[in-house]
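Structure record follows, encoded as structure tokens.
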Amino acid sequence: MTDSSTNMRLKLPIVCFILEIILIILFGVLVEYDHDTDAKLFNGKTPNPHGHGGHATGTSHNSTPQTAHNDYENDFYYRYPSFQDVHVMIFIGFGFLMTFLQRYGFSSVGFNFLIAAFSLQWATLMQGFFHGLHNGKIAIGVESMINADFCTGSVLISFGAVLGKTSPIQLLIMAIFEVTLFAVNEFILLSLLLTRDAGGSMTIHTFGAYFGLMVTRVLYRPNLDKSKHKNSSVYHSDMFAMIGTIYLWMFWPSFNSAITEHGDPQHRTAMNTYYSLAACTMSTYAMSSLTAHDGKLDMVHIQNAALAGGVAAGTAGEMMLTPFGSMIVGFLAGIISVLGFKYLSPILEEKLKIQDTCGVHNLHGMPGILGAIVGAVTAAAVPKDVYGDGLKKVFPDVASGYRDTSSQGGMQALSLAITLGIALLGGLIVGFILKLPILGAPRDNACFEDNVYWEVPGEEHHHHQEELTTVRTEEVEKLNT
Amino acid sequence: MTDSSTNMRLKLPIVCFILEIILIILFGVLVEYDHDTDAKLFNGKTPNPHGHGGHATGTSHNSTPQTAHNDYENDFYYRYPSFQDVHVMIFIGFGFLMTFLQRYGFSSVGFNFLIAAFSLQWATLMQGFFHGLHNGKIAIGVESMINADFCTGSVLISFGAVLGKTSPIQLLIMAIFEVTLFAVNEFILLSLLLTRDAGGSMTIHTFGAYFGLMVTRVLYRPNLDKSKHKNSSVYHSDMFAMIGTIYLWMFWPSFNSAITEHGDPQHRTAMNTYYSLAACTMSTYAMSSLTAHDGKLDMVHIQNAALAGGVAAGTAGEMMLTPFGSMIVGFLAGIISVLGFKYLSPILEEKLKIQDTCGVHNLHGMPGILGAIVGAVTAAAVPKDVYGDGLKKVFPDVASGYRDTSSQGGMQALSLAITLGIALLGGLIVGFILKLPILGAPRDNACFEDNVYWEVPGEEHHHHQEELTTVRTEEVEKLNT
Amino acid sequence: MTDSSTNMRLKLPIVCFILEIILIILFGVLVEYDHDTDAKLFNGKTPNPHGHGGHATGTSHNSTPQTAHNDYENDFYYRYPSFQDVHVMIFIGFGFLMTFLQRYGFSSVGFNFLIAAFSLQWATLMQGFFHGLHNGKIAIGVESMINADFCTGSVLISFGAVLGKTSPIQLLIMAIFEVTLFAVNEFILLSLLLTRDAGGSMTIHTFGAYFGLMVTRVLYRPNLDKSKHKNSSVYHSDMFAMIGTIYLWMFWPSFNSAITEHGDPQHRTAMNTYYSLAACTMSTYAMSSLTAHDGKLDMVHIQNAALAGGVAAGTAGEMMLTPFGSMIVGFLAGIISVLGFKYLSPILEEKLKIQDTCGVHNLHGMPGILGAIVGAVTAAAVPKDVYGDGLKKVFPDVASGYRDTSSQGGMQALSLAITLGIALLGGLIVGFILKLPILGAPRDNACFEDNVYWEVPGEEHHHHQEELTTVRTEEVEKLNT
């Protein structure tokens with residue numbers, strides 16, 4: 001089932017070792033504890049607040065106390081529970097969501113594990129570099145850990161597009177470039193354009209989806225139907241995938257609110273997302289039944305489209321969107337997503353040669369764009385006085401008088417265009433890099449198959465069947481004689 | 001396998017769309033951010049504390065700070081971790097607990113997902129309506145989200161009683177009425193009778209169980225044995241169910257403590273529940289082995305009865321029950337629950353025609369009643385001075401001198417009777433409503449079967465067996481010629 | 001499949017009931033609410049701070065406020081999220097990690113559940129006894145709950161060594177003794193030697209591993225190859241095991257930081273562990289591929305060795321190890337662990353007759369020793385001024401001038417030797433106790449098999465195969481006539 005190019009014995013260890021050694025060296029040179037993780041700084045008489053690598057804050061506003069503080073005010077207690085929820089989404093959520101394929105469970109959860117473990121380290125460096133070195137150092141703490149997980153999420157979205165068709169080395173190479181471009185795009189949006197994108201409708205979902213779609217386009221396999229029978233689920237694999245779905249669904253409120261400002265924005269973002277997801281689930285079930293000839297629900301829709309409400313609330317969730325507005329957004333996201341799975345994905349594959357294994361265009365692509373548009377409209381349309389004194393937490397640059405709400409909205413819209421541009425161009429280039437034969441892509445008839453890269457144990461019932469076959473054959477032979 | 005009535009193609013989309021559109025409109029008209037989620041209110045110079053929809057507090061006592069406060073005092077940080085644990089119990093816990101059936105995993109976790117997503121929205125409105133509108137508006141935040149999840153839990157308990165025998169439309173109709181009646185019962189208990197029931201032994205478990213039992217009684221199927229062979233587990237389905245069990249077990253301390261007063265009550269409730277569950281697990285294993293002719297443990301008991309300790313600590317958990325008392329309660333709950341599964345459930349089915357698929361009477365019904373009784377006794381029996389100044393957090397109406405401990409205990413007992421009455425009467429009426437043929441219930445021989453309502457993928461090994469069969473037949477035919 | 005000795009009908013109920021009744025009585029006599037869980041104490045005008053049973057603090061330093069405080073300063077809010085993460089590791093993490101065996105899933109997760117429920121109660125008493133009675137009472141709260149879960153973790157590590165070869169009664173007997181010895185060892189290390197071991201590289205991992213290895217050595221089964229075919233995984237069982245792995249991996253930062261001092265130590269420990277695990281995952285994948293003749297990844301390595309980075313950061317994680325140092329430690333731990341699985345475990349089994357089912361020597365044993373050494377070196381080598389005023393939180397006895405950093409390092413190293421001694425001697429004695437025939441160990445050919453102790457449902461596909469066999473046989477008979 002394997003040929004020489006897919007044998008990872010030397011390639012994978014070399015790539016992993018070199019990458020990790022580079023990471024360790026760079027961490028040794030560049031990384032230091034931030035104010036809340038350093039024993040001396042945190043307990044010093046004269047606090048030295050050289051803040052976090054603040055992702056979505058995108059401003060100099062610093063959420064840690066600038067003056068004397070006690071242990072209970074360490075940012076750990078106000079971010080770590082959110083971090084752990086995000087962490088579960090990255091490793092269990094994405095990992096198990098992709099186990100729906102019948103013979104690709106080891107790879108789904110296992111490669112997810114590998115590239116996430118790499119990406120979160122690399123993202124710490126890239127995001128730290130772009131978001132501001134302090135005395136040539138990157139200061140890290142729980143907020144940078146959340147941001148690193150966020151960036152990793154974007155890579156895993158792209159993984160969903162190429163699932164089953166790439167070697168672990170290709171995935172690591174993809175992660176190197178994607179993390180870097182993610183950090184560039186994030187820097188342009190949050191630090192230069194002063195865009196708001198707390199839950200990453202643009203920076204995470206739109207970016208990851210269109211990057212991955214372009215990669216899979218470049219890696220187009222005309223003869224992929226050779227492994228077509230494996231590109232589907234079985235009963236138990238769908239059950240495992242539901243573990244991923246439900247975890248993503250439950251913790252999406254934590255995801256969108258993980259790096260907002262403290263206080264009401266964090267609280268409000270979580271609640272808006274909660275209602276967006278609930279409404280999205282209702283419209284997903286409705287559309288899944290409506291678009292089936294016999295009205296039967298399709299697990300692909302439930303596993304994916306029910307999550308689109310979280311993606312679509314990623315930008316506007318921290319704004320005064322209201323639960324009412326959130327539910328409308330989620331409701332529309334579910335409809336769009338199911339329609340995408342049913343009607344658009346087949347067209348993308350046939351006409352545009354985009355083989356999108358997990359349908360990331362329907363879960364992250366279109367809902368991400370929807371979320372970006374909703375964010376731009378909400379930023380422009382909601383009057384300043386609705387926020388009162390809370391405006392500075394959500395739109396610090398509007399509160400400071402640097403710009404008005406409509407120009408904030410315009411910048412939000414521009415950010416979507418930039419994200420799409422960087423994602424598509426980046427995916428194009430990286431796709432061609434991944435075509436190098438030495439990277440060990442599986443053959444067309446070995447796609448969606450774990451045993452190319454994994455020791456796969458025999459199934460118990462297979463043994464039974466073999467015994468059965470043996471007995472039968474012997475008996476039949478006896479009869480022949 | 002399906003007939004016209006179970007075809008959901010038009011019915012399910014129509015019901016889902018209409019319900020969600022009504023929800024969105026009502027949210028638009030009635031719902032607003034509460035003090036801790038609103039940008040203007042939370043950051044205003046003159047705080048305007050129009051409190052939460054306080055579930056179990058049942059008093060005007062307000063847990064958010066009434067005066068100036070900082071971001072770290074937002075209730076988000078003191079309730080949201082509990083909320084997420086409850087959320088996991090509702091979607092993973094209940095969802096996977098019910099996947100024990102061999103061919104009903106999609107429906108178990110999928111319908112659980114659908115009716116929970118609906119119920120939490122509807123519950124927000126119903127609980128907000130009964131627990132007090134402010135200027136005609138329902139103010140929401142993390143506490144109302146927890147309460148909505150609690151109410152949803154009650155609906156999912158009833159789902160357990162009718163599991164495998166109802167269409168998704170029947171379940172949604174049931175949820176509409178059950179959520180409403182839940183809110184009525186909760187209002188009577190907590191707001192009128194000033195009963196304490198933090199973890200919902202009465203409001204959630206007793207109510208949900210007896211409501212569901214009455215519904216399944218009305219929906220009695222004399223010929224259910226036609227699908228008897230599917231009303232059982234297989235090896236892997238029991239493993240999936242254990243995921244649900246363990247999550248419910250682990251997070252039950254968070255469930256019971258999620259909406260107690262802050263400080264010692266929340267801390268104490270979690271700890272009491274922790275020890276109650278540990279003791280319950282011990283007695284469950286003992287009883288499961290003791291009641292089997294060959295001493296072998298039964299997965300049904302482990303999956304369910306080991307949780308009864310959490311149910312039974314739902315009312316008294318916040319009181320000064322002591323770990324010692326909690327362990328006695330859990331110990332008894334485990335014994336009662338296993339005995340119920342072993343001896344009472346068959347009698348209920350044969351004599352009273354109550355087909356209780358998940359045995360909710362044993363997990364939620366009897367342990368809920370036990371919990372209510374323990375709560376009444378503890379409220380009446382523990383002297384006031386044991387609580388010191390903490391009395392006002394647990395029994396504000398005793399602390400204020402409005403009533404004494406024994407009348408508090410009396411009200412607790414009365415509350416159990418009222419809950420049973422509303423649950424049984426409500427279940428009776430709703431059961432008859434669910435008998436409408438248009439709602440698409442499965443035929444007797446199609447119960448406990450996913451493929452009535454779901455696209456079910458083929459199993460890999462089935463294909464193997466078919467191939468095997470084909471080969472064999474051909475060989476046998478060759479021999480014959 | 002069973003013989004009389006493995007019939008648990010009377011034995012298991014008697015053991016469970018007696019143990020639980022003893023626990024309840026001892027809790028009634030000895031246990032009381034601590035300052036943060038007691039209504040009167042927490043709300044009293046004159047706070048009476050009789051602190052926690054502080055595990056790793058090992059000092060009289062008390063993390064709860066000594067003077068007036070408000071509800072938000074209850075330790076619940078600063079420890080409970082960590083507790084729940086640890087709780088998930090104990091019940092889901094360990095439970096599902098051990099489900100990799102093809103026919104031992106019920107026992108893996110079910111016995112894990114039973115002995116954990118017992119151990120956490122017994123540990124509360126043992127740790128409370130050794131860590132200081134106050135007026136003859138053990139005061140408990142969230143910190144003692146975390147410590148009880150920690151001690152339970154040690155028992156579950158030992159369970160991993162004997163997995164598949166012991167009865168539930170043997171496991172409960174083992175837990176009784178192991179919890180006791182754990183508390184003795186912990187007392188010597190933390191209270192007498194003033195050693196630091198926040199994440200338990202020594203107290204939990206090294207102790208649990210070598211205790212279990214000695215037990216399994218004493219219980220050596222020369223004819224274990226009779227059930228060899230069951231001592232392996234199947235596809236789905238490996239997927240279930242990955243649930244355990246990923247949860248352990250994700251929450252290990254919470255585990256190591258759960259009982260450190262508040263503020264920067266807790267924050268830093270979590271972050272150090274996060275990077276240690278990420279680096280460990282990279283080296284695990286590299287080594288797994290490198291040591292396979294065809295370069296294919298081995299699920300055993302991924303499931304276990306990728307976690308070694310958490311174990312190895314258990315002692316030094318709270319120190320100023322830096323992310324750089326943490327990554328080096330994790331990197332080495334992954335390499336050591338895979339090499340152990342590949343080359344050392346077969347030698348241990350053949351030469352030393354140590355049948356280590358889960359390879360706990362590779363996941364907990366060697367990485368635990370590595371962690372202890374790293375801890376000793378870090379304690380000795382990092383200058384005091386790196387910690388500034390934070391020194392008193394990490395090394396209170398160095399900060400107070402009681403000892404210098406090098407003598408702290410020496411005590412850390414001595415602690416490792418003591419831990420190994422108590423674990424090996426304790427395991428030796430307990431192993432011989434477990435050999436009593438009445439305890440119901442399974443026969444050699446019934447190891448790794450659920451149906452000795454569990455009612456196991458038929459598998460759906462087995463029925464199919466039986467039907468197939470019947471049909472075939474009939475047809476063959478027809479041909480014969």
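Chain labels A, B, ... are given in the sequence in which chains occur in the structure tokens; within each chain residues are numbered consecutively from 1, and ligands are likewise numbered from 1 in the order shown.
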Sort by chain and increasing residue number a table of all residues of chain C within 6 Å of chain A, each with its closest pair of atoms and their distance in Å to one decimal, counting only C-alpha atoms, and write it as a Markdown table.
```
| residue | atom | partner | partner_atom | distance |
| --- | --- | --- | --- | --- |
| C:Val234 | CA | A:Glu459 | CA | 5.1 |
| C:His262 | CA | A:Asp71 | CA | 5.7 |
| C:Gly263 | CA | A:Asp71 | CA | 4.2 |
| C:Asp264 | CA | A:Thr37 | CA | 4.7 |
| C:His267 | CA | A:Thr37 | CA | 5.5 |
| C:Arg268 | CA | A:Thr37 | CA | 4.7 |
| C:Ala278 | CA | A:Ala117 | CA | 4.7 |
| C:Met282 | CA | A:Cys16 | CA | 5.8 |
| C:Ala286 | CA | A:Pro13 | CA | 3.9 |
| C:Ser289 | CA | A:Arg9 | CA | 5.2 |
| C:Leu290 | CA | A:Arg9 | CA | 5.0 |
| C:Gly295 | CA | A:Arg9 | CA | 3.6 |
| C:Lys296 | CA | A:Trp454 | CA | 4.7 |
| C:Leu297 | CA | A:Trp454 | CA | 4.6 |
| C:Asp298 | CA | A:Glu455 | CA | 5.5 |
| C:Phe324 | CA | A:Gly28 | CA | 5.0 |
| C:Tyr387 | CA | A:Lys40 | CA | 4.8 |
| C:Gly388 | CA | A:Lys40 | CA | 4.3 |
| C:Asp389 | CA | A:Asn43 | CA | 5.4 |
| C:Gly390 | CA | A:Ala39 | CA | 4.7 |
```
For the selection just defined, write its residues with C-alpha atoms to a file, as a compact mmCIF listing (two decimals), in the first residue's frame.
```
# COMPACT_ATOMS: atom_id res chain seq x y z
CA VAL C 234 -8.35 -2.79 17.34
CA HIS C 262 -1.55 31.78 43.44
CA GLY C 263 -0.37 34.44 41.05
CA ASP C 264 2.71 34.10 38.89
CA HIS C 267 0.43 31.06 35.59
CA ARG C 268 4.06 30.14 34.89
CA ALA C 278 4.31 20.67 22.52
CA MET C 282 7.28 16.69 18.09
CA ALA C 286 9.95 11.77 15.13
CA SER C 289 8.64 6.96 12.78
CA LEU C 290 12.40 6.55 13.15
CA GLY C 295 8.58 4.52 9.11
CA LYS C 296 4.96 4.08 10.11
CA LEU C 297 3.74 5.79 13.25
CA ASP C 298 2.75 3.57 16.15
CA PHE C 324 13.18 27.31 26.54
CA TYR C 387 12.91 35.16 41.48
CA GLY C 388 13.14 38.53 43.19
CA ASP C 389 10.37 38.92 45.74
CA GLY C 390 8.63 35.95 44.16
```
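Using only C-alpha atoms, the protein and nucleic acid residues lying no more than 7 Å from Thr216 in chain A, apart from those fewer than 6 places from it along its own chain, are A:Ala161, A:Val162, A:Ile354, A:Gln355, A:Asp356.
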Would you mind listing what lies within 12 Å of Asp225 in chain A as a short mmCIF file (atom, residue, chain, number, x, y, z; two decimals) with N, CA, C and O atoms, in the first residue's frame, with only C-alpha atoms counted and same-chain residues fewer than 2 positions away left out?
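around-v4.cif, freshly written:
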```cif
data_model
loop_
_atom_site.label_atom_id
_atom_site.label_comp_id
_atom_site.auth_asym_id
_atom_site.auth_seq_id
_atom_site.Cartn_x
_atom_site.Cartn_y
_atom_site.Cartn_z
N TYR A 220 -4.81 19.52 -6.91
CA TYR A 220 -5.94 18.79 -7.54
C TYR A 220 -5.51 17.41 -8.04
O TYR A 220 -4.48 17.26 -8.70
N ARG A 221 -6.31 16.40 -7.70
CA ARG A 221 -6.04 15.03 -8.15
C ARG A 221 -7.17 14.59 -9.06
O ARG A 221 -8.26 14.26 -8.60
N PRO A 222 -6.92 14.52 -10.37
CA PRO A 222 -8.00 14.13 -11.29
C PRO A 222 -8.48 12.70 -11.08
O PRO A 222 -9.61 12.38 -11.41
N ASN A 223 -7.60 11.86 -10.53
CA ASN A 223 -7.98 10.45 -10.37
C ASN A 223 -8.31 10.10 -8.92
O ASN A 223 -8.09 8.98 -8.49
N SER A 227 -9.87 6.33 -4.82
CA SER A 227 -10.05 6.04 -3.40
C SER A 227 -11.40 6.59 -2.90
O SER A 227 -11.59 6.86 -1.73
N LYS A 228 -12.31 6.71 -3.86
CA LYS A 228 -13.62 7.29 -3.57
C LYS A 228 -14.36 6.54 -2.46
O LYS A 228 -15.01 7.15 -1.61
N HIS A 229 -14.28 5.20 -2.49
CA HIS A 229 -15.05 4.42 -1.53
C HIS A 229 -14.58 4.65 -0.10
O HIS A 229 -15.30 4.36 0.84
N LYS A 230 -13.37 5.16 0.05
CA LYS A 230 -12.90 5.46 1.42
C LYS A 230 -13.21 6.88 1.86
O LYS A 230 -13.08 7.21 3.02
N ASN A 231 -13.60 7.71 0.89
CA ASN A 231 -13.91 9.11 1.21
C ASN A 231 -15.36 9.22 1.68
O ASN A 231 -16.17 9.96 1.08
N SER A 232 -15.67 8.47 2.70
CA SER A 232 -17.03 8.52 3.27
C SER A 232 -16.97 7.98 4.68
O SER A 232 -15.94 7.45 5.11
N GLN A 355 -11.15 20.15 -4.46
CA GLN A 355 -11.57 18.96 -3.71
C GLN A 355 -11.44 19.28 -2.23
O GLN A 355 -10.37 19.16 -1.65
N ARG A 443 -0.38 8.09 -2.98
CA ARG A 443 -0.91 7.89 -4.33
C ARG A 443 -2.43 8.05 -4.33
O ARG A 443 -3.06 7.95 -3.28
N ASP A 444 -2.99 8.25 -5.51
CA ASP A 444 -4.44 8.49 -5.60
C ASP A 444 -5.26 7.38 -4.97
O ASP A 444 -6.28 7.62 -4.35
N ASN A 445 -4.81 6.13 -5.13
CA ASN A 445 -5.61 5.03 -4.59
C ASN A 445 -5.31 4.75 -3.12
O ASN A 445 -5.83 3.81 -2.54
N ALA A 446 -4.43 5.57 -2.53
CA ALA A 446 -4.11 5.38 -1.11
C ALA A 446 -4.52 6.59 -0.28
O ALA A 446 -4.10 6.73 0.87
N CYS A 447 -5.32 7.46 -0.88
CA CYS A 447 -5.81 8.58 -0.10
C CYS A 447 -6.86 8.10 0.91
O CYS A 447 -7.45 7.03 0.74
N PHE A 448 -7.10 8.90 1.93
CA PHE A 448 -8.13 8.60 2.94
C PHE A 448 -7.88 7.26 3.61
O PHE A 448 -8.81 6.55 3.96
#
```
>> Would you pick out the contacts of range 413-420 of chain C at 6 Å or less, using only C-alpha atoms, so that residues sharing its chain but fewer than 5 positions from it are not included, and give the list as a PyMOL selection string?
In response: chain C and resi 189+207+376
Residues just named, written with N, CA, C and O atoms as a PDB file, in the first residue's frame:
```
ATOM      1  N   LEU C 189       8.251  13.926  51.927  1.00  0.00           N
ATOM      2  CA  LEU C 189       8.835  14.850  50.955  1.00  0.00           C
ATOM      3  C   LEU C 189       8.439  16.297  51.228  1.00  0.00           C
ATOM      4  O   LEU C 189       9.294  17.175  51.341  1.00  0.00           O
ATOM      5  N   PHE C 207       6.258   7.568  41.944  1.00  0.00           N
ATOM      6  CA  PHE C 207       5.702   6.680  42.964  1.00  0.00           C
ATOM      7  C   PHE C 207       4.728   5.679  42.349  1.00  0.00           C
ATOM      8  O   PHE C 207       4.842   4.472  42.538  1.00  0.00           O
ATOM      9  N   ALA C 376      15.582  19.052  40.658  1.00  0.00           N
ATOM     10  CA  ALA C 376      16.705  19.227  41.584  1.00  0.00           C
ATOM     11  C   ALA C 376      17.747  20.174  40.992  1.00  0.00           C
ATOM     12  O   ALA C 376      18.245  21.085  41.673  1.00  0.00           O
TER      13      ALA C 376
END
```
> What is the CA of Ile169 in chain B-CA of Asn112 in chain B distance in Å, reported with one decimal?
Replying inline: 12.5 Å
> If you run DSSP on this backbone, which residues of range 200-419 of chain B come out as helix (DSSP H, G or I), and could you give them as a PyMOL selection string?
Replying inline: chain B and resi 201-218+224-230+235-257+264-290+299-312+316-318+322-352+360-381+384-386+388-394+396-399+405-419
> Using only C-alpha atoms, which of the listed residues (B:Leu248, B:Ile347, B:Ala312, B:Ala379) sits closest to His364 in chain B?
Replying inline: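 Among B:Leu248, B:Ile347, B:Ala312, B:Ala379, it is B:Ala312 that comes nearest to His364 in chain B.
Compared by their closest atoms to Tyr285 in chain A, and using only C-alpha atoms, the residues A:His131, A:Lys137, A:Arg196, A:His301 rank with A:His301 nearest.
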> Got a sec: who's within 8 Å of Pro367 in chain B, counting only C-alpha atoms, leaving out chain neighbours fewer than 4 positions off, as a ChimeraX atom specification?
Replying inline: /B:201,308-309,311-312,333,336-337,362-363,371
